[in-house]
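K.L.:
upload08.txt (compact mmCIF, C-alpha atoms) pasted underneath:
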```
# COMPACT_ATOMS: atom_id res chain seq x y z
CA MET A 1 -13.43 0.99 8.31
CA LEU A 2 -13.25 -2.56 9.62
CA TYR A 3 -9.67 -3.62 10.26
CA PRO A 4 -8.51 -7.24 10.52
CA SER A 5 -7.02 -6.68 13.97
CA LYS A 6 -6.72 -4.07 16.75
CA THR A 7 -2.95 -3.96 16.27
CA VAL A 8 -3.33 -3.13 12.59
CA GLU A 9 -6.00 -0.55 13.40
CA ASN A 10 -3.72 1.16 15.92
CA ALA A 11 -0.81 1.20 13.45
CA VAL A 12 -3.05 2.68 10.73
CA LEU A 13 -4.24 5.34 13.20
CA GLN A 14 -0.67 6.28 14.13
CA ILE A 15 0.61 6.27 10.55
CA SER A 16 -2.33 8.32 9.22
CA LYS A 17 -1.46 11.11 11.68
CA LEU A 18 1.59 11.87 9.50
CA PRO A 19 1.30 14.73 7.02
CA GLY A 20 0.09 13.76 3.54
CA ILE A 21 -0.91 10.23 4.52
CA GLY A 22 -4.57 9.22 4.57
CA LYS A 23 -6.20 6.09 5.96
CA LYS A 24 -5.81 4.16 2.70
CA SER A 25 -2.09 4.91 2.33
CA ALA A 26 -1.59 4.17 6.03
CA PHE A 27 -3.23 0.78 5.63
CA ARG A 28 -1.08 0.01 2.57
CA ILE A 29 2.04 0.93 4.59
CA ALA A 30 0.90 -1.23 7.52
CA MET A 31 0.34 -4.21 5.21
CA HIS A 32 3.74 -3.63 3.63
CA LEU A 33 5.46 -3.70 7.03
CA LEU A 34 3.47 -6.75 8.08
CA LYS A 35 4.72 -8.68 5.08
CA ALA A 36 8.28 -7.35 5.24
CA ASN A 37 11.07 -8.59 7.46
CA ALA A 38 10.78 -7.57 11.14
CA ASP A 39 14.12 -5.70 10.82
CA ILE A 40 12.48 -3.17 8.49
CA SER A 41 9.91 -2.14 11.12
CA HIS A 42 12.55 -2.09 13.85
CA GLN A 43 14.95 0.10 11.89
CA LEU A 44 12.15 2.44 10.89
CA ALA A 45 10.80 2.63 14.45
CA GLN A 46 14.29 3.28 15.85
CA SER A 47 15.02 6.00 13.29
CA LEU A 48 11.78 7.78 14.23
CA VAL A 49 12.57 7.70 17.95
CA ASP A 50 16.15 8.86 17.22
CA LEU A 51 14.75 11.89 15.40
CA LYS A 52 13.70 13.38 18.73
CA LEU A 53 16.41 11.80 20.89
CA LYS A 54 19.54 12.46 18.85
CA THR A 55 18.87 15.74 17.08
CA GLN A 56 18.99 19.22 18.54
CA TYR A 57 18.93 22.80 17.33
CA CYS A 58 22.25 24.51 16.61
CA VAL A 59 23.00 27.07 19.34
CA HIS A 60 24.11 29.63 16.72
CA CYS A 61 21.58 29.36 13.89
CA HIS A 62 18.79 27.04 15.22
CA ASN A 63 19.23 24.68 12.28
CA ILE A 64 18.66 20.98 13.03
CA SER A 65 21.90 19.29 13.98
CA ASP A 66 23.29 16.10 15.52
CA ASP A 67 25.57 18.24 17.69
CA ALA A 68 25.31 21.48 19.66
CA GLU A 69 26.77 23.38 16.69
CA CYS A 70 25.64 22.52 13.14
CA HIS A 71 28.01 21.56 10.35
CA ILE A 72 27.43 24.87 8.56
CA CYS A 73 28.22 27.12 11.55
CA THR A 74 31.38 25.14 12.31
CA ASN A 75 32.58 25.08 8.70
CA PRO A 76 35.50 27.58 8.45
CA LYS A 77 35.06 27.83 4.67
CA ARG A 78 31.61 29.43 4.98
CA ASN A 79 31.45 33.19 4.65
CA SER A 80 30.48 34.53 8.10
CA THR A 81 29.81 38.04 6.82
CA ILE A 82 26.60 37.01 5.01
CA MET A 83 23.58 35.77 6.95
CA CYS A 84 20.62 34.16 5.14
CA VAL A 85 17.40 34.29 7.20
CA VAL A 86 14.99 31.40 6.58
CA GLN A 87 11.78 30.16 8.12
CA ASP A 88 12.71 26.54 8.66
CA SER A 89 15.46 23.91 8.48
CA LYS A 90 13.89 22.55 5.30
CA ASP A 91 14.58 25.92 3.65
CA VAL A 92 18.26 25.63 4.65
CA MET A 93 18.32 22.24 2.96
CA ALA A 94 16.61 23.59 -0.15
CA ILE A 95 19.13 26.42 -0.51
CA GLU A 96 22.08 24.11 0.32
CA ASN A 97 20.96 21.78 -2.46
CA THR A 98 21.32 24.60 -5.01
CA GLY A 99 25.05 24.68 -4.16
CA LEU A 100 25.08 28.43 -4.86
CA TYR A 101 25.20 29.92 -1.37
CA HIS A 102 28.31 29.86 0.77
CA GLY A 103 27.39 32.14 3.67
CA LYS A 104 25.74 31.26 6.97
CA TYR A 105 22.10 30.83 7.93
CA TYR A 106 19.71 31.88 10.63
CA VAL A 107 16.58 29.77 11.14
CA LEU A 108 13.63 31.68 12.61
CA GLY A 109 11.59 28.58 13.41
CA GLY A 110 8.45 30.07 11.87
CA LEU A 111 6.98 33.34 10.60
CA ILE A 112 5.26 36.20 12.37
CA SER A 113 1.57 35.52 11.90
CA PRO A 114 -0.98 37.62 13.83
CA VAL A 115 -3.80 35.46 12.41
CA ASN A 116 -2.28 32.37 14.04
CA GLY A 117 -1.21 34.27 17.15
CA VAL A 118 2.52 34.00 16.39
CA GLY A 119 4.50 37.08 17.41
CA PRO A 120 8.26 37.84 17.30
CA ALA A 121 8.62 36.49 20.88
CA ASP A 122 7.49 33.02 19.71
CA LEU A 123 10.35 32.82 17.20
CA HIS A 124 14.15 33.09 17.45
CA ILE A 125 14.01 36.64 16.11
CA ASP A 126 15.21 38.70 19.08
CA LYS A 127 18.34 36.59 19.52
CA PHE A 128 19.10 37.27 15.87
CA PHE A 129 19.66 40.98 16.46
CA THR A 130 22.33 40.29 19.10
CA LYS A 131 24.62 39.19 16.24
CA PHE A 132 24.96 42.67 14.71
CA PRO A 133 26.71 44.89 17.29
CA SER A 134 29.98 42.92 16.81
CA GLY A 135 30.12 44.31 13.25
CA THR A 136 31.12 41.04 11.53
CA ILE A 137 27.98 40.80 9.38
CA ASN A 138 27.84 42.82 6.14
CA GLU A 139 24.68 41.50 4.49
CA VAL A 140 21.40 39.94 5.54
CA ILE A 141 19.54 37.96 2.87
CA LEU A 142 15.84 37.52 3.59
CA ALA A 143 14.91 34.15 2.06
CA LEU A 144 11.30 34.01 3.28
CA SER A 145 8.22 32.80 1.41
CA PRO A 146 6.47 35.57 -0.57
CA THR A 147 3.29 35.27 1.52
CA VAL A 148 1.52 37.70 3.87
CA ASP A 149 3.29 36.19 6.89
CA GLY A 150 6.62 36.02 5.07
CA ASP A 151 6.38 39.65 3.96
CA MET A 152 5.41 40.78 7.45
CA THR A 153 8.33 38.93 9.02
CA ALA A 154 10.71 40.34 6.40
CA PHE A 155 9.42 43.87 7.13
CA TYR A 156 9.90 43.42 10.89
CA ILE A 157 13.46 42.12 10.48
CA SER A 158 14.47 44.70 7.84
CA LYS A 159 13.33 47.56 10.06
CA LYS A 160 15.55 46.39 12.93
CA VAL A 161 18.52 45.43 10.75
CA ASN A 162 18.39 48.87 9.13
CA GLU A 163 19.31 50.39 12.50
CA TYR A 164 22.75 48.78 12.17
CA GLY A 165 23.24 50.12 8.64
CA ILE A 166 23.69 46.62 7.23
CA LYS A 167 22.84 45.80 3.60
CA ILE A 168 19.56 43.88 3.30
CA THR A 169 18.63 41.84 0.23
CA THR A 170 15.82 39.41 -0.52
CA ILE A 171 15.62 36.46 -2.89
CA ALA A 172 14.46 37.43 -6.40
CA ARG A 173 10.77 37.13 -7.23
CA GLY A 174 9.43 36.37 -10.68
CA ILE A 175 8.63 33.61 -13.11
CA PRO A 176 10.18 30.24 -12.10
CA VAL A 177 12.67 28.83 -14.62
CA GLY A 178 10.95 26.42 -17.02
CA SER A 179 7.39 27.54 -16.30
CA GLU A 180 4.95 28.69 -18.98
CA LEU A 181 3.72 32.28 -18.86
CA ASP A 182 0.08 31.45 -19.56
CA TYR A 183 -0.04 29.16 -16.50
CA MET A 184 1.40 31.84 -14.22
CA ASP A 185 -0.81 33.73 -11.74
CA GLU A 186 -1.49 37.39 -12.58
CA ILE A 187 0.22 38.81 -9.50
CA THR A 188 3.53 37.07 -10.21
CA LEU A 189 3.34 37.90 -13.92
CA GLY A 190 2.33 41.50 -13.27
CA ARG A 191 5.10 42.05 -10.73
CA SER A 192 7.68 40.44 -12.98
CA ILE A 193 6.83 42.97 -15.72
CA GLU A 194 6.85 45.92 -13.33
CA LYS A 195 10.10 44.82 -11.68
CA ARG A 196 11.73 43.72 -14.91
CA ILE A 197 15.52 43.30 -14.92
CA ASN A 198 18.21 44.08 -17.47
CA TYR A 199 18.67 41.23 -19.90
CA GLU A 200 22.35 40.91 -18.96
CA ASN A 201 21.36 40.17 -15.35
CA ILE A 202 19.30 37.13 -16.25
CA MET B 1 20.32 15.71 -1.20
CA LEU B 2 22.11 17.42 1.68
CA TYR B 3 20.41 16.72 4.99
CA PRO B 4 20.84 18.87 8.11
CA SER B 5 21.97 15.86 10.18
CA LYS B 6 22.86 12.15 9.89
CA THR B 7 19.93 11.24 12.14
CA VAL B 8 17.49 13.04 9.86
CA GLU B 9 19.10 11.46 6.81
CA ASN B 10 18.70 7.98 8.31
CA ALA B 11 15.06 8.62 9.21
CA VAL B 12 14.33 9.90 5.68
CA LEU B 13 16.01 6.79 4.25
CA GLN B 14 13.93 4.46 6.41
CA ILE B 15 10.65 6.33 5.80
CA SER B 16 11.18 6.52 2.04
CA LYS B 17 11.39 2.70 1.89
CA LEU B 18 7.64 2.64 2.55
CA PRO B 19 5.34 2.17 -0.44
CA GLY B 20 4.12 5.39 -2.06
CA ILE B 21 6.52 7.64 -0.15
CA GLY B 22 9.33 9.42 -1.94
CA LYS B 23 12.30 11.30 -0.49
CA LYS B 24 10.42 14.62 -0.38
CA SER B 25 7.42 13.20 1.49
CA ALA B 26 9.76 11.29 3.80
CA PHE B 27 11.60 14.50 4.64
CA ARG B 28 8.32 16.32 5.30
CA ILE B 29 7.28 13.48 7.64
CA ALA B 30 10.64 13.56 9.43
CA MET B 31 10.36 17.31 9.94
CA HIS B 32 6.79 16.89 11.22
CA LEU B 33 7.93 14.31 13.80
CA LEU B 34 10.89 16.47 14.79
CA LYS B 35 8.59 19.37 15.60
CA ALA B 36 5.87 17.27 17.22
CA ASN B 37 5.81 15.98 20.79
CA ALA B 38 8.17 13.04 21.44
CA ASP B 39 5.14 10.90 22.39
CA ILE B 40 3.96 11.00 18.78
CA SER B 41 7.17 9.35 17.49
CA HIS B 42 7.16 6.85 20.34
CA GLN B 43 3.57 5.76 19.79
CA LEU B 44 4.12 5.50 16.05
CA ALA B 45 7.36 3.54 16.50
CA GLN B 46 5.72 1.17 18.98
CA SER B 47 2.73 0.57 16.73
CA LEU B 48 5.05 -0.34 13.84
CA VAL B 49 7.00 -2.82 15.95
CA ASP B 50 3.74 -4.28 17.31
CA LEU B 51 2.59 -4.93 13.75
CA LYS B 52 5.08 -7.76 13.47
CA LEU B 53 5.14 -8.76 17.16
CA LYS B 54 1.46 -8.91 18.00
CA THR B 55 -0.24 -9.99 14.80
CA GLN B 56 -0.36 -13.45 13.31
CA TYR B 57 -2.20 -15.26 10.55
CA CYS B 58 -5.46 -17.03 11.42
CA VAL B 59 -4.92 -20.82 11.44
CA HIS B 60 -8.18 -21.35 9.52
CA CYS B 61 -8.26 -18.64 6.86
CA HIS B 62 -4.79 -16.99 6.96
CA ASN B 63 -6.33 -13.56 7.51
CA ILE B 64 -4.35 -11.19 9.74
CA SER B 65 -5.42 -11.51 13.35
CA ASP B 66 -4.42 -10.56 16.89
CA ASP B 67 -5.14 -14.15 17.98
CA ALA B 68 -4.60 -17.65 16.60
CA GLU B 69 -8.15 -17.59 15.18
CA CYS B 70 -9.49 -14.43 13.51
CA HIS B 71 -12.69 -12.66 14.55
CA ILE B 72 -14.48 -13.78 11.38
CA CYS B 73 -13.68 -17.51 11.73
CA THR B 74 -14.75 -17.48 15.40
CA ASN B 75 -17.96 -15.53 14.77
CA PRO B 76 -20.87 -18.06 15.09
CA LYS B 77 -23.17 -15.73 13.10
CA ARG B 78 -21.09 -16.10 9.93
CA ASN B 79 -22.32 -18.60 7.34
CA SER B 80 -19.73 -21.41 7.26
CA THR B 81 -21.19 -22.96 4.12
CA ILE B 82 -19.90 -20.14 1.87
CA MET B 83 -16.19 -19.56 1.41
CA CYS B 84 -14.89 -16.42 -0.30
CA VAL B 85 -11.38 -16.84 -1.73
CA VAL B 86 -9.29 -13.66 -1.81
CA GLN B 87 -5.69 -12.77 -2.58
CA ASP B 88 -4.88 -10.76 0.51
CA SER B 89 -6.08 -9.53 3.92
CA LYS B 90 -6.75 -6.13 2.42
CA ASP B 91 -9.33 -7.73 0.12
CA VAL B 92 -11.08 -9.23 3.17
CA MET B 93 -11.22 -5.74 4.62
CA ALA B 94 -12.56 -4.26 1.38
CA ILE B 95 -15.36 -6.84 1.19
CA GLU B 96 -16.12 -6.54 4.91
CA ASN B 97 -16.52 -2.79 4.48
CA THR B 98 -19.32 -3.35 1.93
CA GLY B 99 -21.31 -5.03 4.74
CA LEU B 100 -22.93 -7.32 2.15
CA TYR B 101 -21.10 -10.60 2.73
CA HIS B 102 -21.78 -12.81 5.73
CA GLY B 103 -19.89 -16.00 4.87
CA LYS B 104 -16.29 -16.94 5.66
CA TYR B 105 -13.04 -16.16 3.87
CA TYR B 106 -9.93 -17.91 2.72
CA VAL B 107 -6.83 -15.77 2.13
CA LEU B 108 -4.40 -17.22 -0.44
CA GLY B 109 -1.55 -14.88 0.42
CA GLY B 110 -0.89 -14.07 -3.25
CA LEU B 111 -1.72 -15.21 -6.77
CA ILE B 112 -0.22 -17.89 -8.97
CA SER B 113 2.19 -16.02 -11.24
CA PRO B 114 4.58 -18.00 -13.46
CA VAL B 115 6.20 -14.72 -14.59
CA ASN B 116 7.18 -13.94 -11.01
CA GLY B 117 7.96 -17.57 -10.20
CA VAL B 118 5.00 -18.00 -7.84
CA GLY B 119 3.42 -21.45 -7.99
CA PRO B 120 0.56 -23.02 -5.97
CA ALA B 121 3.10 -24.38 -3.45
CA ASP B 122 4.12 -20.80 -2.53
CA LEU B 123 0.55 -19.95 -1.50
CA HIS B 124 -1.93 -21.42 0.99
CA ILE B 125 -3.81 -23.11 -1.86
CA ASP B 126 -3.25 -26.81 -1.11
CA LYS B 127 -4.46 -26.46 2.48
CA PHE B 128 -7.62 -24.89 1.08
CA PHE B 129 -8.70 -28.12 -0.60
CA THR B 130 -8.55 -30.05 2.68
CA LYS B 131 -11.69 -28.14 3.74
CA PHE B 132 -13.98 -29.79 1.21
CA PRO B 133 -14.12 -33.54 2.05
CA SER B 134 -16.06 -32.75 5.27
CA GLY B 135 -18.96 -31.61 3.06
CA THR B 136 -19.82 -28.46 5.03
CA ILE B 137 -19.05 -26.00 2.22
CA ASN B 138 -21.73 -25.42 -0.44
CA GLU B 139 -20.30 -22.53 -2.41
CA VAL B 140 -16.89 -21.07 -3.22
CA ILE B 141 -16.82 -17.44 -4.31
CA LEU B 142 -13.69 -16.47 -6.23
CA ALA B 143 -13.07 -12.80 -5.40
CA LEU B 144 -9.75 -12.41 -7.25
CA SER B 145 -8.57 -9.47 -9.35
CA PRO B 146 -9.51 -9.72 -13.04
CA THR B 147 -5.86 -9.87 -14.13
CA VAL B 148 -3.81 -12.58 -15.86
CA ASP B 149 -2.55 -13.90 -12.51
CA GLY B 150 -5.99 -13.63 -10.90
CA ASP B 151 -7.65 -15.49 -13.76
CA MET B 152 -4.98 -18.19 -13.71
CA THR B 153 -5.37 -18.69 -9.96
CA ALA B 154 -9.16 -18.79 -10.31
CA PHE B 155 -8.86 -21.42 -13.05
CA TYR B 156 -6.53 -23.57 -10.91
CA ILE B 157 -8.84 -23.42 -7.90
CA SER B 158 -12.04 -23.94 -9.88
CA LYS B 159 -10.66 -27.09 -11.53
CA LYS B 160 -9.90 -28.66 -8.15
CA VAL B 161 -13.08 -27.48 -6.43
CA ASN B 162 -15.11 -28.92 -9.32
CA GLU B 163 -13.94 -32.38 -8.26
CA TYR B 164 -16.02 -32.00 -5.10
CA GLY B 165 -19.12 -30.93 -7.02
CA ILE B 166 -19.31 -27.64 -5.13
CA LYS B 167 -20.93 -24.53 -6.66
CA ILE B 168 -18.32 -21.99 -7.79
CA THR B 169 -19.12 -18.34 -8.40
CA THR B 170 -17.00 -15.29 -9.10
CA ILE B 171 -17.56 -11.60 -8.36
CA ALA B 172 -19.41 -9.78 -11.17
CA ARG B 173 -17.35 -7.97 -13.80
CA GLY B 174 -18.53 -4.90 -15.66
CA ILE B 175 -18.78 -1.14 -15.48
CA PRO B 176 -18.14 0.23 -11.95
CA VAL B 177 -21.09 2.10 -10.43
CA GLY B 178 -20.80 5.84 -11.06
CA SER B 179 -18.25 5.62 -13.88
CA GLU B 180 -18.72 7.15 -17.32
CA LEU B 181 -18.89 4.82 -20.33
CA ASP B 182 -16.63 6.92 -22.54
CA TYR B 183 -13.81 6.72 -20.00
CA MET B 184 -14.07 2.92 -19.75
CA ASP B 185 -11.51 0.65 -21.40
CA GLU B 186 -12.73 -1.30 -24.44
CA ILE B 187 -12.26 -4.75 -22.91
CA THR B 188 -14.45 -4.00 -19.90
CA LEU B 189 -17.06 -2.22 -22.02
CA GLY B 190 -17.04 -4.97 -24.69
CA ARG B 191 -17.39 -7.74 -22.11
CA SER B 192 -20.15 -5.91 -20.29
CA ILE B 193 -22.18 -5.78 -23.53
CA GLU B 194 -21.52 -9.43 -24.36
CA LYS B 195 -22.26 -10.58 -20.82
CA ARG B 196 -25.21 -8.22 -20.34
CA ILE B 197 -27.64 -9.00 -17.53
CA ASN B 198 -31.42 -8.73 -17.22
CA TYR B 199 -32.48 -5.29 -16.14
CA GLU B 200 -34.25 -6.67 -13.05
CA ASN B 201 -30.95 -8.11 -11.82
CA ILE B 202 -29.21 -4.76 -11.72
```
When written as structure tokens, how does the structure in this file appear?

P.N.:
Amino acid sequence: MLYPSKTVENAVLQISKLPGIGKKSAFRIAMHLLKANADISHQLAQSLVDLKLKTQYCVHCHNISDDAECHICTNPKRNSTIMCVVQDSKDVMAIENTGLYHGKYYVLGGLISPVNGVGPADLHIDKFFTKFPSGTINEVILALSPTVDGDMTAFYISKKVNEYGIKITTIARGIPVGSELDYMDEITLGRSIEKRINYENI
Amino acid sequence: MLYPSKTVENAVLQISKLPGIGKKSAFRIAMHLLKANADISHQLAQSLVDLKLKTQYCVHCHNISDDAECHICTNPKRNSTIMCVVQDSKDVMAIENTGLYHGKYYVLGGLISPVNGVGPADLHIDKFFTKFPSGTINEVILALSPTVDGDMTAFYISKKVNEYGIKITTIARGIPVGSELDYMDEITLGRSIEKRINYENI
């Protein structure tokens, strides 16, 4: 690609490093910023730098936070007896946006993945188990992706949590609401027949 | 949407102002930058600020440039007798990437568009006509989009350029190379039959 100037080329290079953005989109974004008011670039640039400077991980749950403790851990209305284990902060946000969960979270920061060389020591898993001896937690919900890595991580955690005699649940698997059966993969469809639920529980 | 922190929310807001990026993509980008090395955000932020600080428009052709004169206008190997009129810098880049044009450019900075309230005075059109009295230009190529605004702008320019008795051409219209006839719109297909060319000229 021949760019009109080195500055534009550098900007396109930097922008196209972002996930889901190719060279063409990056160039369109660069041209947009070039034409727009200088304030737009400045505000954007500042917000990107702030992302690393001003955010930190909550000391209790490892969720992203502006402070040492996140707004969920410090909220006295949240039920501290239920702990929902998720892979990432974006999963916390996804569940929060449903408005249906009122317990606390624990963010692992990834999944156990032998293929990618990620073991329990690379995640926040071991610190998680220090929360149980105090006896305040009644239920652990495993809200991990139904993938090989997700299942392996869930198995590892459930085995350890079992030692404390705490109830372990996992998010329901099956056909997503609104989807058409004939577009569904066989494994999901097959499992959802095998593990069918009473109609009243729908 | 409930974001994990105000800083993340602000970054998502700023990122999602970019063209072609929605809230979900913006959040994915923010999370990517949060996890990545701080250098990545800094380099990206700096490159965005530089876009406005270090680039300018070429005094001759209004193309984007790092200097007062762009690298095409100052290139002695380019044919100064041919002038290709385009809407935008990104069109210069598109034509340059074909490697088949060796003349100079003139960037209008937009198209005449009565619907959007854009007249000739809002573009770099009038300055364009000051280039002809010197008699160095033999041909003007109109490389504008085949849209209502593009056609109107082409008509306006061609009328004025005609006064100088200079040859005016326009980029060929027809079926794009590699496309299938049955997926083509009727206007393009109809025109390409009416305006058919000799087989040798393909």

K.L.:
Write down, as a PyMOL selection string, each residue of chain B that has any atom within 8 Å of an atom of chain A, counting only C-alpha atoms.

P.N.:
chain B and resi 1-8+10-11+14-15+18-20+25+28-34+38+41-52+54-55+63-66+70-71+89-90+93+96-97

K.L.:
By how many Å are atom CA of Leu108 of chain B and atom CA of Arg78 of chain B apart?

P.N.:
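A separation of 19.7 Å between them.
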
K.L.:
Please list as an NGL selection string every residue within 9 Å of Arg173 of chain A, counting all atoms listed in the file and excluding residues in the same chain fewer than 6 positions away.

P.N.:
:A and (146 or 188 or 191-192 or 195)

K.L.:
Kindly give the distance, in Å, that separates atom CA of Leu100 of chain B and atom CA of Ile171 of chain B, rounded to a single decimal.

P.N.:
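Calculated distance between atom CA of Leu100 of chain B and atom CA of Ile171 of chain B is 12.6 Å.
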
K.L.:
Kindly list the centre and edge lengths in Å, rounded to one decimal, for the axis-aligned box that covers all listed atoms of segment 106-111 of chain A plus 5 Å on each of its six sides, as JSON.

P.N.:
```
{"center_x": 13.3, "center_y": 31.0, "center_z": 12.0, "size_x": 22.7, "size_y": 14.8, "size_z": 12.8}
```

K.L.:
Just the number, please: distance in Å from atom CA of Glu180 of chain B to atom CA of Asn198 of chain B, one decimal.

P.N.:
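Computed distance, atom CA of Glu180 of chain B to atom CA of Asn198 of chain B, equals 20.3 Å.
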
K.L.:
Which protein, DNA or RNA residues are at most 12 Å from (9.0, 28.2, 12.0) in the file's coordinates when you count only C-alpha atoms, listed as a ChimeraX atom specification?

P.N.:
/A:62-63,85-91,106-113,118-120,122-125,144-145,149-150,153 /B:31-32,35

K.L.:
Tell me which of B:Val115, B:Met152, B:Lys167, B:Tyr57 sits closest to Ile82 of chain B, counting only C-alpha atoms.

P.N.:
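Closest candidate: B:Lys167.
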
K.L.:
For segment 82-89 of chain A, which lacks atoms in the input, supply all heavy atoms and format the output as a JSON list (two decimals), keeping the file's coordinate frame.

P.N.:
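Now in result.json:
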```json
[["chain", "number", "residue", "atom", "x", "y", "z"],
["A", 82, "ILE", "N", 27.94, 37.01, 5.60],
["A", 82, "ILE", "CA", 26.60, 37.01, 5.01],
["A", 82, "ILE", "C", 25.70, 36.08, 5.82],
["A", 82, "ILE", "O", 26.09, 34.96, 6.16],
["A", 82, "ILE", "CB", 26.62, 36.51, 3.54],
["A", 82, "ILE", "CG1", 27.65, 37.28, 2.73],
["A", 82, "ILE", "CG2", 25.24, 36.66, 2.92],
["A", 82, "ILE", "CD1", 27.72, 36.84, 1.29],
["A", 83, "MET", "N", 24.52, 36.54, 6.15],
["A", 83, "MET", "CA", 23.58, 35.77, 6.95],
["A", 83, "MET", "C", 22.28, 35.63, 6.17],
["A", 83, "MET", "O", 21.66, 36.63, 5.82],
["A", 83, "MET", "CB", 23.35, 36.51, 8.26],
["A", 83, "MET", "CG", 22.52, 35.81, 9.28],
["A", 83, "MET", "SD", 23.40, 34.44, 10.06],
["A", 83, "MET", "CE", 24.48, 35.32, 11.17],
["A", 84, "CYS", "N", 21.87, 34.40, 5.87],
["A", 84, "CYS", "CA", 20.62, 34.16, 5.14],
["A", 84, "CYS", "C", 19.55, 33.76, 6.15],
["A", 84, "CYS", "O", 19.67, 32.76, 6.85],
["A", 84, "CYS", "CB", 20.85, 33.05, 4.12],
["A", 84, "CYS", "SG", 19.39, 32.68, 3.16],
["A", 85, "VAL", "N", 18.48, 34.56, 6.23],
["A", 85, "VAL", "CA", 17.40, 34.29, 7.20],
["A", 85, "VAL", "C", 16.32, 33.45, 6.53],
["A", 85, "VAL", "O", 15.79, 33.83, 5.48],
["A", 85, "VAL", "CB", 16.78, 35.63, 7.68],
["A", 85, "VAL", "CG1", 15.66, 35.36, 8.66],
["A", 85, "VAL", "CG2", 17.85, 36.50, 8.30],
["A", 86, "VAL", "N", 16.03, 32.28, 7.13],
["A", 86, "VAL", "CA", 14.99, 31.40, 6.58],
["A", 86, "VAL", "C", 13.98, 31.04, 7.66],
["A", 86, "VAL", "O", 14.23, 31.21, 8.85],
["A", 86, "VAL", "CB", 15.59, 30.10, 5.98],
["A", 86, "VAL", "CG1", 16.47, 30.39, 4.80],
["A", 86, "VAL", "CG2", 16.35, 29.33, 7.05],
["A", 87, "GLN", "N", 12.84, 30.53, 7.20],
["A", 87, "GLN", "CA", 11.78, 30.16, 8.12],
["A", 87, "GLN", "C", 12.11, 28.88, 8.88],
["A", 87, "GLN", "O", 11.89, 28.78, 10.08],
["A", 87, "GLN", "CB", 10.48, 29.97, 7.31],
["A", 87, "GLN", "CG", 9.29, 29.53, 8.16],
["A", 87, "GLN", "CD", 8.08, 29.22, 7.30],
["A", 87, "GLN", "OE1", 8.00, 29.59, 6.13],
["A", 87, "GLN", "NE2", 7.11, 28.55, 7.89],
["A", 88, "ASP", "N", 12.65, 27.91, 8.15],
["A", 88, "ASP", "CA", 12.71, 26.54, 8.66],
["A", 88, "ASP", "C", 13.97, 25.81, 8.19],
["A", 88, "ASP", "O", 14.57, 26.20, 7.21],
["A", 88, "ASP", "CB", 11.50, 25.78, 8.08],
["A", 88, "ASP", "CG", 10.69, 25.16, 9.18],
["A", 88, "ASP", "OD1", 11.30, 24.68, 10.13],
["A", 88, "ASP", "OD2", 9.44, 25.18, 9.07],
["A", 89, "SER", "N", 14.31, 24.71, 8.88],
["A", 89, "SER", "CA", 15.46, 23.91, 8.48],
["A", 89, "SER", "C", 15.32, 23.37, 7.06],
["A", 89, "SER", "O", 16.30, 23.18, 6.35],
["A", 89, "SER", "CB", 15.63, 22.73, 9.42],
["A", 89, "SER", "OG", 16.13, 23.16, 10.65]]
```
